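Okay, structure first, notes after.
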Amino acid sequence: MKNLPHSSNSLLIRALNWAERLGLVLIAGATLVAISQEMVLMVNRREVMLHDILLFFIYLEILTMVGLYFQSGKLPIRYPIYIAMVAIARHITIGMTEMDGWTMIGLSTAILVLALAVLAIRYGHIHLPYDEG
């Protein structure tokens, strides 16, 4: 980008910003559609199950992540990690009866590793800040 004239560089940056915003709107819209579809399934089934609630937490985290990105222009890496943790917990909940012990231990370990990653990230933000200059 260093070789581009300033006006081309500015135009490219604006185009990328608009594409980014459009992508975020599409993600939010698709998430809202998925929430609606899941609500219809629960109403038709006349039952709310634990894995449904966990799925709603995933949707809520996605909407929160999009909202934060619109507000701050930054994507906290913790939110995708939270989403992954809930997704693994949901997977364990849905397939618990068919899973063998080693699979459950592996998935539980994955959640533990992700939780430790969140702690490491939080520690780094507080105790090891970096210059944004």
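Naming scheme: A, B, ... for chains in displayed order of the structure tokens; residues 1 onward per chain; ligands 1 onward as shown.
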Shell around segment 51-60 of chain A at 7 Å using only C-alpha atoms, local window under 4 positions removed, as an mmCIF file with N, CA, C and O atoms, in the first residue's frame:
data_model
loop_
_atom_site.group_PDB
_atom_site.id
_atom_site.type_symbol
_atom_site.label_atom_id
_atom_site.label_comp_id
_atom_site.auth_asym_id
_atom_site.auth_seq_id
_atom_site.Cartn_x
_atom_site.Cartn_y
_atom_site.Cartn_z
ATOM 1 N N THR A 31 -27.638 -13.995 12.387
ATOM 2 C CA THR A 31 -27.792 -14.460 13.771
ATOM 3 C C THR A 31 -29.227 -14.267 14.242
ATOM 4 O O THR A 31 -29.806 -15.152 14.884
ATOM 5 N N THR A 64 -23.248 -9.743 20.733
ATOM 6 C CA THR A 64 -22.429 -8.884 21.590
ATOM 7 C C THR A 64 -21.118 -8.540 20.908
ATOM 8 O O THR A 64 -20.659 -7.393 20.934
ATOM 9 N N ILE A 83 -17.330 -18.035 22.827
ATOM 10 C CA ILE A 83 -18.236 -18.746 21.921
ATOM 11 C C ILE A 83 -17.781 -20.200 21.756
ATOM 12 O O ILE A 83 -18.600 -21.126 21.790
ATOM 13 N N VAL A 86 -18.679 -22.223 24.944
ATOM 14 C CA VAL A 86 -20.107 -22.558 25.020
ATOM 15 C C VAL A 86 -20.454 -23.610 23.967
ATOM 16 O O VAL A 86 -21.245 -24.528 24.224
ATOM 17 N N ALA A 87 -19.852 -23.500 22.781
ATOM 18 C CA ALA A 87 -20.125 -24.479 21.721
ATOM 19 C C ALA A 87 -19.663 -25.876 22.145
ATOM 20 O O ALA A 87 -20.376 -26.865 21.907
ATOM 21 N N ARG A 90 -22.048 -27.153 24.740
ATOM 22 C CA ARG A 90 -23.287 -27.585 24.082
ATOM 23 C C ARG A 90 -23.091 -28.958 23.429
ATOM 24 O O ARG A 90 -23.948 -29.821 23.511
ATOM 25 N N THR A 93 -23.196 -31.514 26.073
ATOM 26 C CA THR A 93 -24.563 -31.680 26.571
ATOM 27 C C THR A 93 -25.411 -32.510 25.615
ATOM 28 O O THR A 93 -26.156 -33.401 26.044
ATOM 29 N N ILE A 94 -25.296 -32.225 24.341
ATOM 30 C CA ILE A 94 -26.112 -32.942 23.345
ATOM 31 C C ILE A 94 -25.692 -34.400 23.234
ATOM 32 O O ILE A 94 -26.527 -35.292 23.174
#
Selection near Ile81 of chain A, 9 Å with only C-alpha atoms, sequence-local residues under 6 positions removed, as an MDAnalysis selection string: chainID A and resid 114:115 117:118
Sel. of helix (DSSP H, G or I) residues, segment 65-105 of chain A, as number ranges by chain: A: 65-72, 78-95, 101-105
Restricting the output to N, CA and C atoms, write the selected residues as a PDB file, in the first residue's frame.
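Final output, saved to again_36.pdb:
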ATOM      1  N   MET A  65     -20.502  -9.537  20.280  1.00  0.00           N
ATOM      2  CA  MET A  65     -19.240  -9.324  19.587  1.00  0.00           C
ATOM      3  C   MET A  65     -19.406  -8.319  18.444  1.00  0.00           C
ATOM      4  N   VAL A  66     -20.486  -8.445  17.681  1.00  0.00           N
ATOM      5  CA  VAL A  66     -20.751  -7.511  16.584  1.00  0.00           C
ATOM      6  C   VAL A  66     -20.994  -6.107  17.141  1.00  0.00           C
ATOM      7  N   GLY A  67     -21.787  -6.019  18.213  1.00  0.00           N
ATOM      8  CA  GLY A  67     -22.053  -4.721  18.828  1.00  0.00           C
ATOM      9  C   GLY A  67     -20.802  -4.051  19.341  1.00  0.00           C
ATOM     10  N   LEU A  68     -19.946  -4.808  19.996  1.00  0.00           N
ATOM     11  CA  LEU A  68     -18.683  -4.249  20.487  1.00  0.00           C
ATOM     12  C   LEU A  68     -17.798  -3.774  19.347  1.00  0.00           C
ATOM     13  N   TYR A  69     -17.799  -4.532  18.275  1.00  0.00           N
ATOM     14  CA  TYR A  69     -16.978  -4.137  17.135  1.00  0.00           C
ATOM     15  C   TYR A  69     -17.485  -2.837  16.522  1.00  0.00           C
ATOM     16  N   PHE A  70     -18.838  -2.677  16.448  1.00  0.00           N
ATOM     17  CA  PHE A  70     -19.399  -1.426  15.939  1.00  0.00           C
ATOM     18  C   PHE A  70     -19.069  -0.261  16.867  1.00  0.00           C
ATOM     19  N   GLN A  71     -19.089  -0.495  18.176  1.00  0.00           N
ATOM     20  CA  GLN A  71     -18.831   0.577  19.140  1.00  0.00           C
ATOM     21  C   GLN A  71     -17.369   0.993  19.179  1.00  0.00           C
ATOM     22  N   SER A  72     -16.482   0.016  19.237  1.00  0.00           N
ATOM     23  CA  SER A  72     -15.073   0.337  19.474  1.00  0.00           C
ATOM     24  C   SER A  72     -14.183   0.197  18.245  1.00  0.00           C
ATOM     25  N   ARG A  78     -11.317 -12.378  23.259  1.00  0.00           N
ATOM     26  CA  ARG A  78     -11.975 -13.222  24.262  1.00  0.00           C
ATOM     27  C   ARG A  78     -13.339 -13.710  23.795  1.00  0.00           C
ATOM     28  N   TYR A  79     -14.079 -12.901  23.042  1.00  0.00           N
ATOM     29  CA  TYR A  79     -15.440 -13.290  22.662  1.00  0.00           C
ATOM     30  C   TYR A  79     -15.489 -14.536  21.778  1.00  0.00           C
ATOM     31  N   PRO A  80     -14.655 -14.647  20.760  1.00  0.00           N
ATOM     32  CA  PRO A  80     -14.655 -15.925  20.029  1.00  0.00           C
ATOM     33  C   PRO A  80     -14.261 -17.113  20.913  1.00  0.00           C
ATOM     34  N   ILE A  81     -13.405 -16.867  21.900  1.00  0.00           N
ATOM     35  CA  ILE A  81     -13.036 -17.943  22.821  1.00  0.00           C
ATOM     36  C   ILE A  81     -14.235 -18.330  23.679  1.00  0.00           C
ATOM     37  N   TYR A  82     -14.986 -17.334  24.160  1.00  0.00           N
ATOM     38  CA  TYR A  82     -16.203 -17.631  24.925  1.00  0.00           C
ATOM     39  C   TYR A  82     -17.184 -18.444  24.068  1.00  0.00           C
ATOM     40  N   ILE A  83     -17.330 -18.035  22.827  1.00  0.00           N
ATOM     41  CA  ILE A  83     -18.236 -18.746  21.921  1.00  0.00           C
ATOM     42  C   ILE A  83     -17.781 -20.200  21.756  1.00  0.00           C
ATOM     43  N   ALA A  84     -16.488 -20.400  21.597  1.00  0.00           N
ATOM     44  CA  ALA A  84     -15.964 -21.762  21.454  1.00  0.00           C
ATOM     45  C   ALA A  84     -16.227 -22.586  22.717  1.00  0.00           C
ATOM     46  N   MET A  85     -16.061 -21.973  23.886  1.00  0.00           N
ATOM     47  CA  MET A  85     -16.300 -22.690  25.137  1.00  0.00           C
ATOM     48  C   MET A  85     -17.769 -23.124  25.249  1.00  0.00           C
ATOM     49  N   VAL A  86     -18.679 -22.223  24.944  1.00  0.00           N
ATOM     50  CA  VAL A  86     -20.107 -22.558  25.020  1.00  0.00           C
ATOM     51  C   VAL A  86     -20.454 -23.610  23.967  1.00  0.00           C
ATOM     52  N   ALA A  87     -19.852 -23.500  22.781  1.00  0.00           N
ATOM     53  CA  ALA A  87     -20.125 -24.479  21.721  1.00  0.00           C
ATOM     54  C   ALA A  87     -19.663 -25.876  22.145  1.00  0.00           C
ATOM     55  N   ILE A  88     -18.519 -25.961  22.778  1.00  0.00           N
ATOM     56  CA  ILE A  88     -18.031 -27.266  23.247  1.00  0.00           C
ATOM     57  C   ILE A  88     -18.936 -27.793  24.362  1.00  0.00           C
ATOM     58  N   ALA A  89     -19.335 -26.904  25.273  1.00  0.00           N
ATOM     59  CA  ALA A  89     -20.246 -27.323  26.348  1.00  0.00           C
ATOM     60  C   ALA A  89     -21.560 -27.825  25.767  1.00  0.00           C
ATOM     61  N   ARG A  90     -22.048 -27.153  24.740  1.00  0.00           N
ATOM     62  CA  ARG A  90     -23.287 -27.585  24.082  1.00  0.00           C
ATOM     63  C   ARG A  90     -23.091 -28.958  23.429  1.00  0.00           C
ATOM     64  N   HIS A  91     -21.953 -29.135  22.794  1.00  0.00           N
ATOM     65  CA  HIS A  91     -21.652 -30.426  22.153  1.00  0.00           C
ATOM     66  C   HIS A  91     -21.620 -31.545  23.197  1.00  0.00           C
ATOM     67  N   ILE A  92     -21.021 -31.267  24.348  1.00  0.00           N
ATOM     68  CA  ILE A  92     -20.979 -32.265  25.422  1.00  0.00           C
ATOM     69  C   ILE A  92     -22.399 -32.566  25.899  1.00  0.00           C
ATOM     70  N   THR A  93     -23.196 -31.514  26.073  1.00  0.00           N
ATOM     71  CA  THR A  93     -24.563 -31.680  26.571  1.00  0.00           C
ATOM     72  C   THR A  93     -25.411 -32.510  25.615  1.00  0.00           C
ATOM     73  N   ILE A  94     -25.296 -32.225  24.341  1.00  0.00           N
ATOM     74  CA  ILE A  94     -26.112 -32.942  23.345  1.00  0.00           C
ATOM     75  C   ILE A  94     -25.692 -34.400  23.234  1.00  0.00           C
ATOM     76  N   GLY A  95     -24.390 -34.662  23.201  1.00  0.00           N
ATOM     77  CA  GLY A  95     -23.925 -36.014  22.918  1.00  0.00           C
ATOM     78  C   GLY A  95     -23.404 -36.776  24.109  1.00  0.00           C
ATOM     79  N   GLY A 101     -15.622 -41.920  27.639  1.00  0.00           N
ATOM     80  CA  GLY A 101     -14.943 -41.138  28.674  1.00  0.00           C
ATOM     81  C   GLY A 101     -13.807 -40.283  28.146  1.00  0.00           C
ATOM     82  N   TRP A 102     -13.025 -40.840  27.233  1.00  0.00           N
ATOM     83  CA  TRP A 102     -11.879 -40.112  26.706  1.00  0.00           C
ATOM     84  C   TRP A 102     -12.305 -38.890  25.888  1.00  0.00           C
ATOM     85  N   THR A 103     -13.401 -39.035  25.163  1.00  0.00           N
ATOM     86  CA  THR A 103     -13.905 -37.899  24.389  1.00  0.00           C
ATOM     87  C   THR A 103     -14.355 -36.784  25.323  1.00  0.00           C
ATOM     88  N   MET A 104     -15.055 -37.156  26.378  1.00  0.00           N
ATOM     89  CA  MET A 104     -15.506 -36.148  27.341  1.00  0.00           C
ATOM     90  C   MET A 104     -14.324 -35.477  28.028  1.00  0.00           C
ATOM     91  N   ILE A 105     -13.315 -36.260  28.367  1.00  0.00           N
ATOM     92  CA  ILE A 105     -12.117 -35.686  28.991  1.00  0.00           C
ATOM     93  C   ILE A 105     -11.427 -34.740  28.006  1.00  0.00           C
TER      94      ILE A 105
END
